[in-house]
Amino acid sequence: MVQKQQSTAALGAEPKKRRRVGFSPADIGVEANECIKIYLVSSKEELDSTEIPCVNPVDLNDFFDGDGKIYGYQDLKINVWINRISLHSYADITYQRTINGDKGITDINSALKKIFGETIVANKDEFLQTFSTERDFIRNMVSNGEVIHTGVVDGSSVNAQVAPSDLQVLRMEIGSPNAGLLYSRLVPLVLLFVDGSNPIDVTDPDWHLYLLVQKKDEKEEEPLYQIVGFTAIYKFYRYPDRLRMRLSQILVLPSFQGKGFGSHLLEVVNKVAVAENVYDLTVEEPSEKFQHIRTCIDINRLRAFDPIKPAIDAAIQTLTKGKLSKKAEMPRFTPPLNAIENVRESLKINKKHFLKCWEILIYLALEPIDKYMEDYTSVITNHVRTDILGKDIETPKKQVVDVPSSFAPEASFVVFKSGSGEEANSNVQVEENKPDQEEQLKQLAEERIREIRLVAESVTSISPNV
Ligand SMILES: CC(=O)SCCNC(=O)CCNC(=O)[C@H](O)C(C)(C)COP(=O)(O)OP(=O)(O)OC[C@H]1O[C@@H](n2cnc3c(N)ncnc32)[C@H](O)[C@@H]1OP(=O)(O)O
């Protein structure tokens, strides 16, 4: 959209541009993603090491105006190092020469400033010094933090990269001393590694940081603190007398990812939500991967939660009784209201997420699953239909009726629900194209079943006997 507007603007400026092109060579530029390499390092020596892999940020092109390309440099290479102890950064920018072509010369430093803000230091010596001068930055910042967990959560394991006894989860209110400063140094990591994320408002005291910290004892020195991951959680009021928690941002630093730390942090947050008896814990726009991890954890909690077992058994009985897909009306496979309420109150899992988990609990309880797969697929298709269209198979259809109007005729229509079985008359347009809609629903249901299988496989491989 933005690019489209710019090219239209460029068309308007055509005559002026043509005059310039006469003197300037064409410059195809280079994508920011191609020429910028980012490294996370924890010592001076690692800067020159060939063994430190570069990390993959979400999309660096986004930080460069226009089409995400950098113009005006020949053989441009940008290496950015981030000191994971102090969270300072340094960019080494090299090129053969600048070329003042038709697109001008991109101001690289101001683009990097948009990502790294105050953490970027101007010269390499200054950056190298941060490894010693700022060695205790994290330790000092979290010294007022509340230790809410030490070691790993019972029954879970994290990779041997970090000894469990070195792990701590600390909580800081964003308004508490140092929390805002610490977060301002974490912002570049949020921008680089959490897709679509914006920095939180550090002036809003309802934000809390949960920091997963590795505390390493070192000979003759104070312990060294490093951030392994963190999450920003918003705690807000619910009428009349409760609080809710919303997890809005979570990041495990790249070299620690895929080793159980994200799950560990979430499990600690779950424990806090239960211990503090908040109304519920929700997640703001979870990524697919995070949603998978969250679901795996919640499925294990739900499988160990006895009060919902009779409701699961009842659903299984209905599903295994006979060919559901041949029935005129498909029964809804949703948990009873008291189970929804019990799960929210005891485990702090909200209704929307519990309904998704419920489908997986049923899948896991169907034995053998292959025998019931046809009926199970019908159940999921029905759920997907309800989620998307807001209706069950046999419920009334939504219709769009054109309304004559002299004001914005194309925008003048009303939507209403007709009674069951009522056919559209000639003035009524049915909103959706039926065959396309059925095909799309089928694909969405298949996608949903794929997600369900993935979670089921993960949880049964980790804890098959629950
Ligand atoms: C609200 C938001 O912020 S959404 C955005 C989330 N953040 C990001 O995407 C930023 C970049 N990514 C990250 O920071 C991290 O990868 C996170 C936070 C998404 C996940 O943390 P990680 O430490 O990488 O995940 P973790 O190692 O705990 O989980 C890894 C695996 O264990 C599985 N797993 C974890 N716990 C369980 C469990 N209890 N049962 C079964 N499987 C489990 C996960 O499903 C996952 O499986 P996979 O290896 O097939 O992917």
# chains A, B, ... in the order shown; residues from 1 in each chain; ligands from 1
call {"tool": "residues_near_ligand", "arguments": {"ligand": "ligand 1", "cutoff": "7 Å", "atoms": "only C-alpha atoms and all ligand atoms", "output": "MDAnalysis selection string"}}
result
chainID A and resid 193:195 247:254 256:264 283:287 289:290 292:293 296:297 300 458:459 462
call {"tool": "residues_around", "arguments": {"residues": "range 277-280 of chain A", "least_positions_apart": "2", "cutoff": "12 Å", "atoms": "only C-alpha atoms", "output": "PyMOL selection string"}}
result
chain A and resi 234-247+269-275+282-283+340-354
call {"tool": "closest_residue", "arguments": {"among": "A:Leu389, A:Val213, A:Val202, A:Ala91", "to": "Glu173 in chain A", "atoms": "only C-alpha atoms"}}
result
A:Val202
call {"tool": "select_by_dssp", "arguments": {"residues": "range 43-96 of chain A", "states": "strand (DSSP E or B)", "output": "PyMOL selection string"}}
result
chain A and resi 55+69-70+73-74+77-83+89-94
call {"tool": "write_last_selection", "arguments": {"atoms": "C-alpha atoms", "output": "PDB file, in the first residue's frame"}}
result
ATOM      1  CA  VAL A  55      21.006 -14.792  13.681  1.00  0.00           C
ATOM      2  CA  LYS A  69      16.542  -1.503  -0.251  1.00  0.00           C
ATOM      3  CA  ILE A  70      19.745   0.372   0.452  1.00  0.00           C
ATOM      4  CA  TYR A  73      26.894   1.720  -2.179  1.00  0.00           C
ATOM      5  CA  GLN A  74      29.079  -0.753  -4.050  1.00  0.00           C
ATOM      6  CA  LYS A  77      28.425  -5.245   3.983  1.00  0.00           C
ATOM      7  CA  ILE A  78      26.990  -4.410   7.388  1.00  0.00           C
ATOM      8  CA  ASN A  79      27.909  -6.562  10.382  1.00  0.00           C
ATOM      9  CA  VAL A  80      26.061  -5.740  13.565  1.00  0.00           C
ATOM     10  CA  TRP A  81      27.181  -7.183  16.892  1.00  0.00           C
ATOM     11  CA  ILE A  82      24.937  -7.133  19.919  1.00  0.00           C
ATOM     12  CA  ASN A  83      26.568  -7.542  23.314  1.00  0.00           C
ATOM     13  CA  SER A  89      25.324  -2.854  19.699  1.00  0.00           C
ATOM     14  CA  TYR A  90      27.903  -1.857  17.138  1.00  0.00           C
ATOM     15  CA  ALA A  91      27.653  -1.789  13.334  1.00  0.00           C
ATOM     16  CA  ASP A  92      30.659  -2.276  11.093  1.00  0.00           C
ATOM     17  CA  ILE A  93      29.717  -0.815   7.699  1.00  0.00           C
ATOM     18  CA  THR A  94      32.051  -1.500   4.762  1.00  0.00           C
TER      19      THR A  94
END
call {"tool": "atom_distance", "arguments": {"atom1": "CA of Gly175 in chain A", "atom2": "CA of Pro205 in chain A"}}
result
5.2 Å
call {"tool": "residues_around", "arguments": {"residues": "range 355-357 of chain A", "least_positions_apart": "4", "cutoff": "10 Å", "atoms": "only C-alpha atoms", "output": "list in words"}}
result
Thr295, Cys296, Asp298, Ile299, Leu302, Phe333, Thr334, Pro335, Ile340, Ile349, Asn350, Lys351, Leu361, Ile362, Tyr363, His383, Arg448, Ile452 and Val455 of chain A
call {"tool": "residues_around", "arguments": {"residues": "Ile108 in chain A", "least_positions_apart": "3", "cutoff": "9 Å", "atoms": "only C-alpha atoms", "output": "list of chain:residue names"}}
result
A:Phe64, A:Ile70, A:Ile93, A:Ile105, A:Ala111, A:Leu112, A:Lys113
call {"tool": "atom_distance", "arguments": {"atom1": "CA of Tyr95 in chain A", "atom2": "CA of Asp75 in chain A"}}
result
5.1 Å
call {"tool": "select_by_dssp", "arguments": {"residues": "range 108-200 of chain A", "states": "alpha helix (DSSP H)", "output": "PyMOL selection string"}}
result
chain A and resi 108-116+124-133+137-141+179-193
call {"tool": "atom_distance", "arguments": {"atom1": "CA of Leu186 in chain A", "atom2": "CA of Leu76 in chain A"}}
result
27.3 Å
call {"tool": "closest_residue", "arguments": {"among": "A:Phe63, A:Lys216, A:Leu189, A:Leu87", "to": "Val121 in chain A", "atoms": "only C-alpha atoms"}}
result
A:Leu87
